[in-house]
file structure31.txt (compact mmCIF, C-alpha atoms)
# COMPACT_ATOMS: atom_id res chain seq x y z
CA MET P 1259 0.00 0.00 0.00
CA PRO P 1260 1.35 3.47 -0.86
CA GLU P 1261 2.55 5.30 2.25
CA LEU P 1262 3.11 9.01 2.84
CA PRO P 1263 6.11 9.50 0.49
CA GLU P 1264 4.34 7.80 -2.40
CA VAL P 1265 1.16 9.83 -1.87
CA GLU P 1266 3.20 13.03 -1.54
CA VAL P 1267 4.88 12.32 -4.89
CA VAL P 1268 1.41 11.98 -6.42
CA ARG P 1269 0.24 15.19 -4.71
CA ARG P 1270 3.18 17.11 -6.14
CA GLY P 1271 2.36 15.78 -9.59
CA LEU P 1272 -1.25 16.93 -9.26
CA GLU P 1273 -0.15 20.33 -7.94
CA LYS P 1274 2.33 20.82 -10.75
CA GLN P 1275 0.02 19.76 -13.55
CA LEU P 1276 -3.56 20.55 -12.52
CA LEU P 1277 -3.75 23.87 -10.67
CA GLY P 1278 -5.94 26.19 -12.70
CA ALA P 1279 -7.34 23.38 -14.84
CA LYS P 1280 -11.12 23.20 -15.29
CA ILE P 1281 -12.97 19.88 -15.31
CA LYS P 1282 -15.12 19.49 -18.42
CA GLU P 1283 -16.48 15.98 -17.92
CA VAL P 1284 -16.55 13.28 -15.23
CA GLU P 1285 -17.08 9.62 -16.08
CA VAL P 1286 -17.56 6.85 -13.50
CA PHE P 1287 -16.83 3.33 -14.72
CA PHE P 1288 -16.88 1.59 -11.32
CA PRO P 1289 -19.51 2.97 -8.91
CA GLY P 1290 -17.81 1.17 -5.98
CA SER P 1291 -15.00 3.75 -6.08
CA LEU P 1292 -17.53 6.39 -4.95
CA ARG P 1293 -18.37 4.42 -1.80
CA GLY P 1294 -22.11 4.79 -2.17
CA GLN P 1295 -22.24 8.36 -3.42
CA ASP P 1296 -24.78 9.10 -6.16
CA ILE P 1297 -23.03 9.13 -9.53
CA LYS P 1298 -25.06 12.01 -10.99
CA ARG P 1299 -24.44 14.22 -7.95
CA PHE P 1300 -20.76 13.31 -7.92
CA CYS P 1301 -20.35 14.31 -11.56
CA ALA P 1302 -22.46 17.47 -11.23
CA ALA P 1303 -20.36 18.66 -8.25
CA LEU P 1304 -17.12 18.43 -10.25
CA GLU P 1305 -18.06 19.36 -13.81
CA GLY P 1306 -17.20 23.03 -14.36
CA TRP P 1307 -14.95 22.96 -11.27
CA THR P 1308 -11.57 24.75 -11.47
CA ILE P 1309 -8.88 23.04 -9.39
CA THR P 1310 -7.18 25.47 -7.00
CA ALA P 1311 -5.12 23.26 -4.67
CA ALA P 1312 -3.83 19.70 -4.16
CA VAL P 1313 -3.51 18.89 -0.46
CA ARG P 1314 -2.32 15.89 1.55
CA ARG P 1315 -2.56 14.74 5.13
CA GLY P 1316 -1.06 11.32 5.84
CA LYS P 1317 -2.15 9.02 3.00
CA PHE P 1318 -5.20 11.12 2.07
CA LEU P 1319 -5.26 13.49 -0.90
CA TRP P 1320 -7.85 16.09 -1.70
CA LEU P 1321 -8.41 18.70 -4.38
CA LEU P 1322 -9.99 22.08 -3.70
CA GLY P 1323 -11.79 24.03 -6.35
CA GLU P 1324 -13.89 26.95 -7.49
CA ASP P 1325 -17.34 26.77 -9.07
CA ARG P 1326 -18.34 28.25 -12.43
CA GLU P 1327 -18.75 31.67 -10.80
CA GLY P 1328 -15.21 31.58 -9.39
CA GLN P 1329 -16.32 30.98 -5.81
CA GLN P 1330 -14.41 28.50 -3.61
CA THR P 1331 -16.69 25.53 -2.99
CA LEU P 1332 -17.28 24.21 0.50
CA TYR P 1333 -16.61 20.67 -0.67
CA SER P 1334 -13.52 18.83 -1.90
CA LEU P 1335 -12.62 15.81 -3.97
CA VAL P 1336 -11.02 13.33 -1.56
CA ILE P 1337 -8.81 10.57 -2.98
CA HIS P 1338 -7.39 7.57 -1.17
CA LEU P 1339 -5.22 5.28 -3.29
CA GLY P 1340 -5.90 2.17 -1.21
CA MET P 1341 -3.61 -0.71 -2.12
CA SER P 1342 -3.27 -0.16 -5.85
CA GLY P 1343 -4.78 3.19 -6.82
CA GLN P 1344 -3.04 5.33 -9.43
CA LEU P 1345 -3.78 8.83 -10.72
CA LEU P 1346 -2.44 9.03 -14.25
CA ILE P 1347 -2.52 12.33 -16.13
CA ASN P 1348 -2.59 11.85 -19.89
CA GLN P 1349 -2.11 14.46 -22.60
CA PRO P 1350 -4.87 14.97 -25.21
CA GLN P 1351 -5.29 12.06 -27.62
CA ILE P 1352 -3.01 9.84 -25.50
CA GLU P 1353 -4.86 6.72 -24.43
CA LEU P 1354 -4.22 4.56 -21.39
CA SER P 1355 -2.50 1.25 -21.96
CA HIS P 1356 -4.81 -1.69 -22.62
CA LYS P 1357 -4.05 -3.09 -19.17
CA ASN P 1358 -4.86 0.17 -17.40
CA GLN P 1359 -8.04 0.57 -19.43
CA GLY P 1360 -9.25 -2.62 -17.77
CA HIS P 1361 -8.79 -1.09 -14.32
CA LEU P 1362 -10.04 2.44 -15.09
CA ARG P 1363 -12.55 3.45 -12.38
CA VAL P 1364 -13.07 7.22 -12.78
CA ARG P 1365 -11.93 9.67 -15.45
CA LEU P 1366 -11.84 13.45 -15.25
CA THR P 1367 -11.47 15.25 -18.58
CA MET P 1368 -10.13 18.79 -18.46
CA GLU P 1369 -11.19 21.61 -20.80
CA ASP P 1370 -7.83 21.27 -22.58
CA ASP P 1371 -8.69 17.57 -23.14
CA ARG P 1372 -6.08 16.21 -20.75
CA THR P 1373 -7.45 13.35 -18.67
CA VAL P 1374 -6.94 12.40 -15.03
CA ASN P 1375 -7.46 8.65 -14.81
CA PHE P 1376 -8.13 6.88 -11.52
CA VAL P 1377 -6.85 3.36 -12.16
CA ASP P 1378 -7.31 0.86 -9.34
CA GLN P 1379 -6.67 -2.83 -9.87
CA ARG P 1380 -7.73 -4.07 -6.43
CA THR P 1381 -10.55 -1.52 -6.00
CA PHE P 1382 -9.76 -0.60 -2.37
CA GLY P 1383 -9.16 3.04 -3.35
CA ARG P 1384 -11.84 5.71 -3.45
CA MET P 1385 -12.81 9.11 -4.83
CA VAL P 1386 -15.56 10.95 -2.95
CA VAL P 1387 -16.94 14.47 -2.80
CA GLU P 1388 -16.81 15.54 0.83
CA PRO P 1389 -17.81 18.73 2.71
CA LEU P 1390 -15.11 20.93 4.19
CA VAL P 1391 -14.91 21.95 7.85
CA GLU P 1392 -12.58 24.19 9.83
CA THR P 1393 -9.53 22.53 11.35
CA ARG P 1394 -9.81 22.23 15.12
CA ASP P 1395 -6.47 23.98 15.64
CA LYS P 1396 -7.32 26.73 13.11
CA LYS P 1397 -4.19 25.95 11.10
CA PRO P 1398 -3.92 24.92 7.41
CA GLY P 1399 -5.48 21.54 6.73
CA GLY P 1400 -2.43 19.77 5.36
CA LEU P 1401 0.59 20.01 3.10
CA GLY P 1402 -0.31 22.14 0.09
CA ALA P 1403 -3.19 23.89 1.87
CA GLY P 1404 -3.50 27.64 2.12
CA SER P 1405 -6.74 27.56 4.10
CA HIS P 1406 -7.98 26.11 7.39
CA LEU P 1407 -10.60 24.03 5.60
CA VAL P 1408 -10.25 20.25 5.54
CA PRO P 1409 -12.51 17.34 4.49
CA ARG P 1410 -14.74 16.41 7.42
CA ASN P 1411 -13.77 12.74 7.69
CA VAL P 1412 -10.06 13.53 7.37
CA GLU P 1413 -10.26 16.00 10.26
CA LEU P 1414 -12.14 13.48 12.40
CA ASN P 1415 -10.01 10.41 11.70
CA VAL P 1416 -6.57 11.37 10.35
CA ALA P 1417 -3.94 13.08 12.50
CA ARG P 1418 -1.37 15.51 11.13
CA ASP P 1419 1.71 13.78 9.77
CA ALA P 1420 5.43 14.05 10.42
CA LEU P 1421 5.96 16.36 7.41
CA ASP P 1422 3.15 18.74 8.33
CA PRO P 1423 4.68 22.03 9.53
CA ASN P 1424 1.82 22.33 12.04
CA VAL P 1425 2.26 18.93 13.70
CA ASP P 1426 2.75 19.16 17.48
CA LEU P 1427 5.52 16.64 18.18
CA GLU P 1428 5.86 17.67 21.81
CA LYS P 1429 2.22 16.84 22.53
CA ILE P 1430 2.44 13.60 20.56
CA SER P 1431 5.60 12.51 22.37
CA SER P 1432 3.96 13.17 25.72
CA THR P 1433 1.02 10.96 24.72
CA VAL P 1434 3.23 8.13 23.44
CA ARG P 1435 5.38 8.22 26.57
CA LYS P 1436 2.37 7.05 28.62
CA ARG P 1437 1.72 3.96 26.49
CA LYS P 1438 2.66 0.43 27.47
CA SER P 1439 2.38 -0.91 23.92
CA SER P 1440 5.35 -1.23 21.57
CA ILE P 1441 6.84 1.89 20.07
CA LYS P 1442 6.16 0.57 16.58
CA HIS P 1443 2.45 0.39 17.43
CA SER P 1444 2.50 4.14 18.08
CA LEU P 1445 4.38 4.87 14.87
CA LEU P 1446 1.59 3.11 12.96
CA ASP P 1447 -1.26 4.83 14.82
CA GLN P 1448 -2.90 7.03 12.16
CA LYS P 1449 -4.88 8.97 14.78
CA LEU P 1450 -1.63 9.93 16.48
CA VAL P 1451 0.65 10.71 13.54
CA SER P 1452 -0.60 9.77 10.10
CA GLY P 1453 1.17 8.50 7.01
CA ILE P 1454 3.72 6.11 8.55
CA GLY P 1455 3.19 2.51 7.46
CA ASN P 1456 5.21 -0.66 7.86
CA ILE P 1457 8.00 0.33 5.46
CA TYR P 1458 8.92 3.63 7.04
CA ALA P 1459 8.27 2.47 10.61
CA ASP P 1460 10.87 -0.30 10.21
CA GLU P 1461 13.34 2.05 8.54
CA THR P 1462 12.85 4.73 11.21
CA LEU P 1463 13.39 2.31 14.08
CA PHE P 1464 16.55 0.95 12.46
CA ALA P 1465 17.95 4.45 11.88
CA SER P 1466 17.21 5.28 15.53
CA GLY P 1467 18.66 2.05 16.92
CA ILE P 1468 15.37 1.21 18.65
CA ASN P 1469 13.92 -2.30 18.77
CA PRO P 1470 10.36 -2.50 17.33
CA GLY P 1471 9.27 -4.39 20.45
CA GLN P 1472 10.51 -1.68 22.83
CA ARG P 1473 7.72 -0.46 25.11
CA ALA P 1474 6.85 3.17 24.45
CA ASP P 1475 6.87 4.07 28.14
CA SER P 1476 10.49 2.89 28.44
CA LEU P 1477 11.63 5.73 26.18
CA SER P 1478 12.00 9.38 27.12
CA GLU P 1479 9.84 12.07 25.50
CA ALA P 1480 13.00 13.44 23.88
CA GLN P 1481 13.76 10.03 22.33
CA ILE P 1482 10.20 9.71 21.02
CA GLN P 1483 10.20 13.21 19.60
CA GLU P 1484 13.50 12.52 17.86
CA LEU P 1485 12.05 9.27 16.50
CA PHE P 1486 9.24 11.11 14.72
CA LYS P 1487 11.73 13.67 13.38
CA THR P 1488 13.80 10.79 12.01
CA ALA P 1489 10.68 9.36 10.36
CA GLY P 1490 10.14 12.71 8.66
CA ALA P 1491 13.75 12.87 7.46
CA ILE P 1492 13.60 9.35 6.01
CA MET P 1493 10.32 10.07 4.24
CA LYS P 1494 11.76 13.26 2.74
CA THR P 1495 14.60 11.18 1.30
CA ALA P 1496 12.08 8.67 -0.05
CA ILE P 1497 10.17 11.48 -1.77
CA LYS P 1498 13.38 12.58 -3.52
CA HIS P 1499 13.66 9.02 -4.87
CA GLY P 1500 10.04 9.09 -6.08
CA GLY P 1501 8.83 6.81 -3.29
CA THR P 1502 9.08 3.02 -2.98
CA SER P 1503 7.82 0.77 -5.79
CA PHE P 1504 7.90 -2.97 -5.15
CA ASP P 1505 5.73 -3.68 -8.19
CA GLU P 1506 3.91 -1.82 -10.95
CA LEU P 1507 0.97 -0.88 -8.71
CA TYR P 1508 2.61 2.31 -7.42
CA VAL P 1509 3.66 4.96 -9.96
CA ASP P 1510 3.56 8.76 -10.05
CA THR P 1511 1.12 10.83 -12.13
CA SER P 1512 3.26 10.29 -15.23
CA GLY P 1513 3.45 6.51 -14.74
CA ASN P 1514 7.01 6.44 -13.35
CA PRO P 1515 7.99 4.11 -10.47
CA GLY P 1516 9.93 5.17 -7.36
CA TYR P 1517 13.42 3.94 -6.50
CA PHE P 1518 13.67 4.18 -2.71
CA GLU P 1519 13.56 0.38 -2.49
CA GLN P 1520 17.28 0.41 -3.24
CA GLU P 1521 17.89 2.44 -0.07
CA LEU P 1522 15.94 0.22 2.33
CA LYS P 1523 18.04 -1.05 5.23
CA VAL P 1524 15.69 -3.57 6.87
CA TYR P 1525 12.15 -3.62 5.47
CA GLY P 1526 11.52 -6.74 3.39
CA ARG P 1527 15.02 -8.07 4.10
CA GLY P 1528 14.34 -10.57 6.88
CA GLY P 1529 16.96 -13.35 6.88
CA GLU P 1530 19.47 -11.21 4.99
CA SER P 1531 22.57 -9.56 6.42
CA CYS P 1532 22.41 -6.16 8.08
CA LYS P 1533 24.02 -3.58 5.80
CA THR P 1534 25.65 -1.97 8.84
CA CYS P 1535 27.02 -4.84 10.93
CA GLY P 1536 26.44 -8.04 8.95
CA THR P 1537 24.15 -9.65 11.56
CA THR P 1538 21.21 -11.65 10.17
CA LEU P 1539 18.05 -9.53 10.22
CA GLU P 1540 15.17 -11.00 12.21
CA LYS P 1541 11.38 -10.70 12.02
CA LEU P 1542 8.95 -9.98 14.82
CA GLN P 1543 5.19 -10.46 14.62
CA GLN P 1544 3.21 -7.59 16.15
CA SER P 1545 -0.58 -7.36 15.96
CA GLY P 1546 -0.70 -9.03 12.57
CA ARG P 1547 2.23 -7.00 11.21
CA THR P 1548 5.79 -8.14 10.60
CA ALA P 1549 8.62 -5.98 11.89
CA THR P 1550 12.10 -6.55 10.47
CA TYR P 1551 15.07 -5.44 12.55
CA CYS P 1552 18.72 -6.05 13.40
CA PRO P 1553 19.19 -7.61 16.86
CA GLN P 1554 22.71 -6.16 17.03
CA CYS P 1555 21.95 -2.59 15.94
CA GLN P 1556 18.56 -2.49 17.66
CA PRO P 1557 18.91 -4.30 21.01
CA LEU P 1558 15.89 -4.47 23.30
CA GLN P 1559 16.62 -2.18 26.26
CA ASP P 1560 15.63 -3.00 29.85
call {"tool": "encode", "arguments": {"input": "structure31.txt", "output": "structure tokens"}}
result
Amino acid sequence: MPELPEVEVVRRGLEKQLLGAKIKEVEVFFPGSLRGQDIKRFCAALEGWTITAAVRRGKFLWLLGEDREGQQTLYSLVIHLGMSGQLLINQPQIELSHKNQGHLRVRLTMEDDRTVNFVDQRTFGRMVVEPLVETRDKKPGGLGAGSHLVPRNVELNVARDALDPNVDLEKISSTVRKRKSSIKHSLLDQKLVSGIGNIYADETLFASGINPGQRADSLSEAQIQELFKTAGAIMKTAIKHGGTSFDELYVDTSGNPGYFEQELKVYGRGGESCKTCGTTLEKLQQSGRTATYCPQCQPLQD
């Protein structure tokens, strides 16, 4: 599943290519992608819409727009890529590949005849029109936002992420410090800090020398705060590499894969040698997730 860096690469592609573009036509080929929303209302809300911003919080993307009269609408187009969602922007007269045509779920056609194609092989992704609300902290809704408006369900269920300039790491660290669960469990808690999944949690813990099974309350608030800063630094590096692509299901808006897989130190390398010390990397099962770590570089502390 795409994590924060992969979604941020997509957001930047949307921001670079779509700001100021007007939607001429909306076509829905798979109603399930709308998660129960009425197709006619979905299309009517977006047709004639001019895209003004591409915003991200955690793994959620949303577009803001103006209506035909140039007024900012109080609703947004929220996009979650799920496990295999792709947003592919095609130039006029350029068709999707035959394979992608088979997985095309929603298509937005711009006035200049470019198309934004939501391709989703496994159909866990979604595109929904959602009302905007004020952020509770009265700060911009996410990365790429210039306003305090945010999709309602995002504000209710998705915390700010490690790359959000308005994230309160001191408050988060204080909360984590009181937990008896493993520190990795807190890294993955989307209501605490969003956007960190299994890949970047494992890489962050390795870079910090912390065992994934370490209890959160055994660490100091300073250590926890530094851990989230490290997660942000690693994800920034991943963004520079275009994200992590293990297969063809994750690509950017131009169809290009990411190359951060080559930089991974532990994730997906269980049983292989640690790139730092040569020790065999081990796996640890935690709440249905597998954590990969180096027992030498990440010893469990008393």
call {"tool": "axis_aligned_box", "arguments": {"input": "structure31.txt", "around": "region 1272-1286 of chain P", "padding_each_side": "4 Å", "output": "JSON"}}
result
{"center_x": -7.6, "center_y": 16.5, "center_z": -13.2, "size_x": 27.9, "size_y": 27.3, "size_z": 18.5}
call {"tool": "atom_distance", "arguments": {"input": "structure31.txt", "atom1": "CA of His1361 (chain P)", "atom2": "CA of Phe1288 (chain P)"}}
result
9.0 Å
call {"tool": "closest_residue", "arguments": {"input": "structure31.txt", "among": "P:Leu1346, P:Met1341, P:Val1313, P:Val1336", "to": "Gly1513 (chain P)", "atoms": "only C-alpha atoms"}}
result
P:Leu1346
call {"tool": "residues_around", "arguments": {"input": "structure31.txt", "residues": "Thr1538 (chain P)", "least_positions_apart": "4", "cutoff": "8 Å", "atoms": "only C-alpha atoms", "output": "list in words"}}
result
Gly1528, Gly1529, Glu1530, Ser1531, Cys1532 and Cys1552 of chain P
call {"tool": "atom_distance", "arguments": {"input": "structure31.txt", "atom1": "CA of Asn1514 (chain P)", "atom2": "CA of Asp1422 (chain P)"}}
result
25.2 Å
call {"tool": "residues_near_point", "arguments": {"input": "structure31.txt", "point": "(-5.0, 25.2, 13.2)", "cutoff": "10 Å", "atoms": "all atoms listed in the file", "output": "mmCIF file with C-alpha atoms, in the frame of the given file"}}
result
data_model
loop_
_atom_site.group_PDB
_atom_site.id
_atom_site.type_symbol
_atom_site.label_atom_id
_atom_site.label_comp_id
_atom_site.auth_asym_id
_atom_site.auth_seq_id
_atom_site.Cartn_x
_atom_site.Cartn_y
_atom_site.Cartn_z
ATOM 1 C CA GLU P 1392 -12.580 24.190 9.830
ATOM 2 C CA THR P 1393 -9.530 22.530 11.350
ATOM 3 C CA ARG P 1394 -9.810 22.230 15.120
ATOM 4 C CA ASP P 1395 -6.470 23.980 15.640
ATOM 5 C CA LYS P 1396 -7.320 26.730 13.110
ATOM 6 C CA LYS P 1397 -4.190 25.950 11.100
ATOM 7 C CA PRO P 1398 -3.920 24.920 7.410
ATOM 8 C CA GLY P 1399 -5.480 21.540 6.730
ATOM 9 C CA GLY P 1400 -2.430 19.770 5.360
ATOM 10 C CA SER P 1405 -6.740 27.560 4.100
ATOM 11 C CA HIS P 1406 -7.980 26.110 7.390
ATOM 12 C CA LEU P 1407 -10.600 24.030 5.600
ATOM 13 C CA ASN P 1424 1.820 22.330 12.040
ATOM 14 C CA VAL P 1425 2.260 18.930 13.700
#
call {"tool": "closest_residue", "arguments": {"input": "structure31.txt", "among": "P:Tyr1525, P:Leu1485, P:Leu1354, P:Gly1306", "to": "Glu1428 (chain P)", "atoms": "only C-alpha atoms"}}
result
P:Leu1485
call {"tool": "closest_residue", "arguments": {"input": "structure31.txt", "among": "P:Ile1347, P:Leu1322, P:Ala1459, P:Cys1535", "to": "Gly1278 (chain P)", "atoms": "only C-alpha atoms"}}
result
P:Leu1322
call {"tool": "closest_residue", "arguments": {"input": "structure31.txt", "among": "P:Asn1348, P:Asn1456, P:Thr1488, P:Gln1483", "to": "Val1524 (chain P)", "atoms": "all atoms listed in the file"}}
result
P:Asn1456
call {"tool": "closest_residue", "arguments": {"input": "structure31.txt", "among": "P:Glu1327, P:Gly1404, P:Met1385, P:Asn1375", "to": "Thr1310 (chain P)", "atoms": "all atoms listed in the file"}}
result
P:Gly1404
call {"tool": "decode", "arguments": {"input": "structure31.txt", "residues": "region 1513-1524 of chain P", "atoms": "all heavy atoms", "output": "PDB file, in the first residue's frame"}}
result
ATOM      1  N   GLY P1513       3.254   7.952 -14.544  1.00  0.00           N
ATOM      2  CA  GLY P1513       3.446   6.513 -14.736  1.00  0.00           C
ATOM      3  C   GLY P1513       4.824   6.006 -14.383  1.00  0.00           C
ATOM      4  O   GLY P1513       5.176   4.866 -14.706  1.00  0.00           O
ATOM      5  N   ASN P1514       5.645   6.839 -13.692  1.00  0.00           N
ATOM      6  CA  ASN P1514       7.010   6.436 -13.350  1.00  0.00           C
ATOM      7  C   ASN P1514       7.067   5.806 -11.960  1.00  0.00           C
ATOM      8  O   ASN P1514       6.449   6.306 -11.023  1.00  0.00           O
ATOM      9  CB  ASN P1514       7.934   7.653 -13.379  1.00  0.00           C
ATOM     10  CG  ASN P1514       7.956   8.321 -14.745  1.00  0.00           C
ATOM     11  OD1 ASN P1514       8.106   7.654 -15.761  1.00  0.00           O
ATOM     12  ND2 ASN P1514       7.783   9.636 -14.769  1.00  0.00           N
ATOM     13  N   PRO P1515       7.847   4.729 -11.781  1.00  0.00           N
ATOM     14  CA  PRO P1515       7.988   4.112 -10.467  1.00  0.00           C
ATOM     15  C   PRO P1515       8.954   4.892  -9.589  1.00  0.00           C
ATOM     16  O   PRO P1515       9.680   5.775 -10.066  1.00  0.00           O
ATOM     17  CB  PRO P1515       8.571   2.726 -10.793  1.00  0.00           C
ATOM     18  CG  PRO P1515       9.388   2.974 -12.031  1.00  0.00           C
ATOM     19  CD  PRO P1515       8.599   3.996 -12.825  1.00  0.00           C
ATOM     20  N   GLY P1516       8.965   4.574  -8.282  1.00  0.00           N
ATOM     21  CA  GLY P1516       9.932   5.170  -7.363  1.00  0.00           C
ATOM     22  C   GLY P1516      11.088   4.224  -7.134  1.00  0.00           C
ATOM     23  O   GLY P1516      10.991   3.018  -7.413  1.00  0.00           O
ATOM     24  N   TYR P1517      12.203   4.741  -6.616  1.00  0.00           N
ATOM     25  CA  TYR P1517      13.421   3.941  -6.498  1.00  0.00           C
ATOM     26  C   TYR P1517      13.986   3.875  -5.080  1.00  0.00           C
ATOM     27  O   TYR P1517      15.136   3.494  -4.894  1.00  0.00           O
ATOM     28  CB  TYR P1517      14.485   4.495  -7.456  1.00  0.00           C
ATOM     29  CG  TYR P1517      14.065   4.378  -8.903  1.00  0.00           C
ATOM     30  CD1 TYR P1517      13.484   5.463  -9.564  1.00  0.00           C
ATOM     31  CD2 TYR P1517      14.201   3.174  -9.591  1.00  0.00           C
ATOM     32  CE1 TYR P1517      13.066   5.357 -10.887  1.00  0.00           C
ATOM     33  CE2 TYR P1517      13.791   3.055 -10.909  1.00  0.00           C
ATOM     34  CZ  TYR P1517      13.229   4.145 -11.552  1.00  0.00           C
ATOM     35  OH  TYR P1517      12.809   4.031 -12.853  1.00  0.00           O
ATOM     36  N   PHE P1518      13.158   4.203  -4.078  1.00  0.00           N
ATOM     37  CA  PHE P1518      13.672   4.183  -2.708  1.00  0.00           C
ATOM     38  C   PHE P1518      13.902   2.755  -2.210  1.00  0.00           C
ATOM     39  O   PHE P1518      14.619   2.557  -1.228  1.00  0.00           O
ATOM     40  CB  PHE P1518      12.726   4.922  -1.759  1.00  0.00           C
ATOM     41  CG  PHE P1518      13.304   5.140  -0.385  1.00  0.00           C
ATOM     42  CD1 PHE P1518      14.411   5.974  -0.208  1.00  0.00           C
ATOM     43  CD2 PHE P1518      12.772   4.516   0.723  1.00  0.00           C
ATOM     44  CE1 PHE P1518      14.960   6.171   1.057  1.00  0.00           C
ATOM     45  CE2 PHE P1518      13.310   4.712   1.997  1.00  0.00           C
ATOM     46  CZ  PHE P1518      14.412   5.541   2.157  1.00  0.00           C
ATOM     47  N   GLU P1519      13.341   1.768  -2.887  1.00  0.00           N
ATOM     48  CA  GLU P1519      13.556   0.376  -2.486  1.00  0.00           C
ATOM     49  C   GLU P1519      15.049   0.052  -2.385  1.00  0.00           C
ATOM     50  O   GLU P1519      15.485  -0.717  -1.524  1.00  0.00           O
ATOM     51  CB  GLU P1519      12.888  -0.583  -3.484  1.00  0.00           C
ATOM     52  CG  GLU P1519      13.060  -2.056  -3.118  1.00  0.00           C
ATOM     53  CD  GLU P1519      12.518  -2.995  -4.175  1.00  0.00           C
ATOM     54  OE1 GLU P1519      12.068  -2.509  -5.236  1.00  0.00           O
ATOM     55  OE2 GLU P1519      12.543  -4.217  -3.945  1.00  0.00           O
ATOM     56  N   GLN P1520      15.835   0.665  -3.240  1.00  0.00           N
ATOM     57  CA  GLN P1520      17.279   0.410  -3.242  1.00  0.00           C
ATOM     58  C   GLN P1520      17.966   0.930  -1.986  1.00  0.00           C
ATOM     59  O   GLN P1520      19.069   0.512  -1.663  1.00  0.00           O
ATOM     60  CB  GLN P1520      17.901   1.068  -4.481  1.00  0.00           C
ATOM     61  CG  GLN P1520      17.330   0.546  -5.793  1.00  0.00           C
ATOM     62  CD  GLN P1520      17.750   1.389  -6.983  1.00  0.00           C
ATOM     63  OE1 GLN P1520      18.632   2.226  -6.880  1.00  0.00           O
ATOM     64  NE2 GLN P1520      17.120   1.167  -8.128  1.00  0.00           N
ATOM     65  N   GLU P1521      17.319   1.844  -1.266  1.00  0.00           N
ATOM     66  CA  GLU P1521      17.893   2.443  -0.072  1.00  0.00           C
ATOM     67  C   GLU P1521      17.433   1.769   1.220  1.00  0.00           C
ATOM     68  O   GLU P1521      17.930   2.110   2.299  1.00  0.00           O
ATOM     69  CB  GLU P1521      17.517   3.931  -0.007  1.00  0.00           C
ATOM     70  CG  GLU P1521      17.867   4.737  -1.242  1.00  0.00           C
ATOM     71  CD  GLU P1521      19.363   4.769  -1.500  1.00  0.00           C
ATOM     72  OE1 GLU P1521      20.124   4.910  -0.518  1.00  0.00           O
ATOM     73  OE2 GLU P1521      19.769   4.633  -2.678  1.00  0.00           O
ATOM     74  N   LEU P1522      16.494   0.841   1.129  1.00  0.00           N
ATOM     75  CA  LEU P1522      15.935   0.218   2.330  1.00  0.00           C
ATOM     76  C   LEU P1522      16.998  -0.577   3.078  1.00  0.00           C
ATOM     77  O   LEU P1522      17.737  -1.363   2.492  1.00  0.00           O
ATOM     78  CB  LEU P1522      14.759  -0.688   1.971  1.00  0.00           C
ATOM     79  CG  LEU P1522      13.531   0.005   1.361  1.00  0.00           C
ATOM     80  CD1 LEU P1522      12.482  -1.024   0.969  1.00  0.00           C
ATOM     81  CD2 LEU P1522      12.947   1.033   2.321  1.00  0.00           C
ATOM     82  N   LYS P1523      17.040  -0.379   4.395  1.00  0.00           N
ATOM     83  CA  LYS P1523      18.038  -1.051   5.232  1.00  0.00           C
ATOM     84  C   LYS P1523      17.507  -2.357   5.825  1.00  0.00           C
ATOM     85  O   LYS P1523      18.246  -3.332   5.954  1.00  0.00           O
ATOM     86  CB  LYS P1523      18.482  -0.120   6.365  1.00  0.00           C
ATOM     87  CG  LYS P1523      19.106   1.192   5.890  1.00  0.00           C
ATOM     88  CD  LYS P1523      20.407   0.964   5.145  1.00  0.00           C
ATOM     89  CE  LYS P1523      21.179   2.251   4.921  1.00  0.00           C
ATOM     90  NZ  LYS P1523      20.437   3.236   4.112  1.00  0.00           N
ATOM     91  N   VAL P1524      16.215  -2.375   6.205  1.00  0.00           N
ATOM     92  CA  VAL P1524      15.687  -3.572   6.867  1.00  0.00           C
ATOM     93  C   VAL P1524      14.368  -4.065   6.276  1.00  0.00           C
ATOM     94  O   VAL P1524      14.154  -5.283   6.179  1.00  0.00           O
ATOM     95  CB  VAL P1524      15.504  -3.346   8.390  1.00  0.00           C
ATOM     96  CG1 VAL P1524      16.843  -3.279   9.091  1.00  0.00           C
ATOM     97  CG2 VAL P1524      14.678  -2.096   8.681  1.00  0.00           C
TER      98      VAL P1524
END
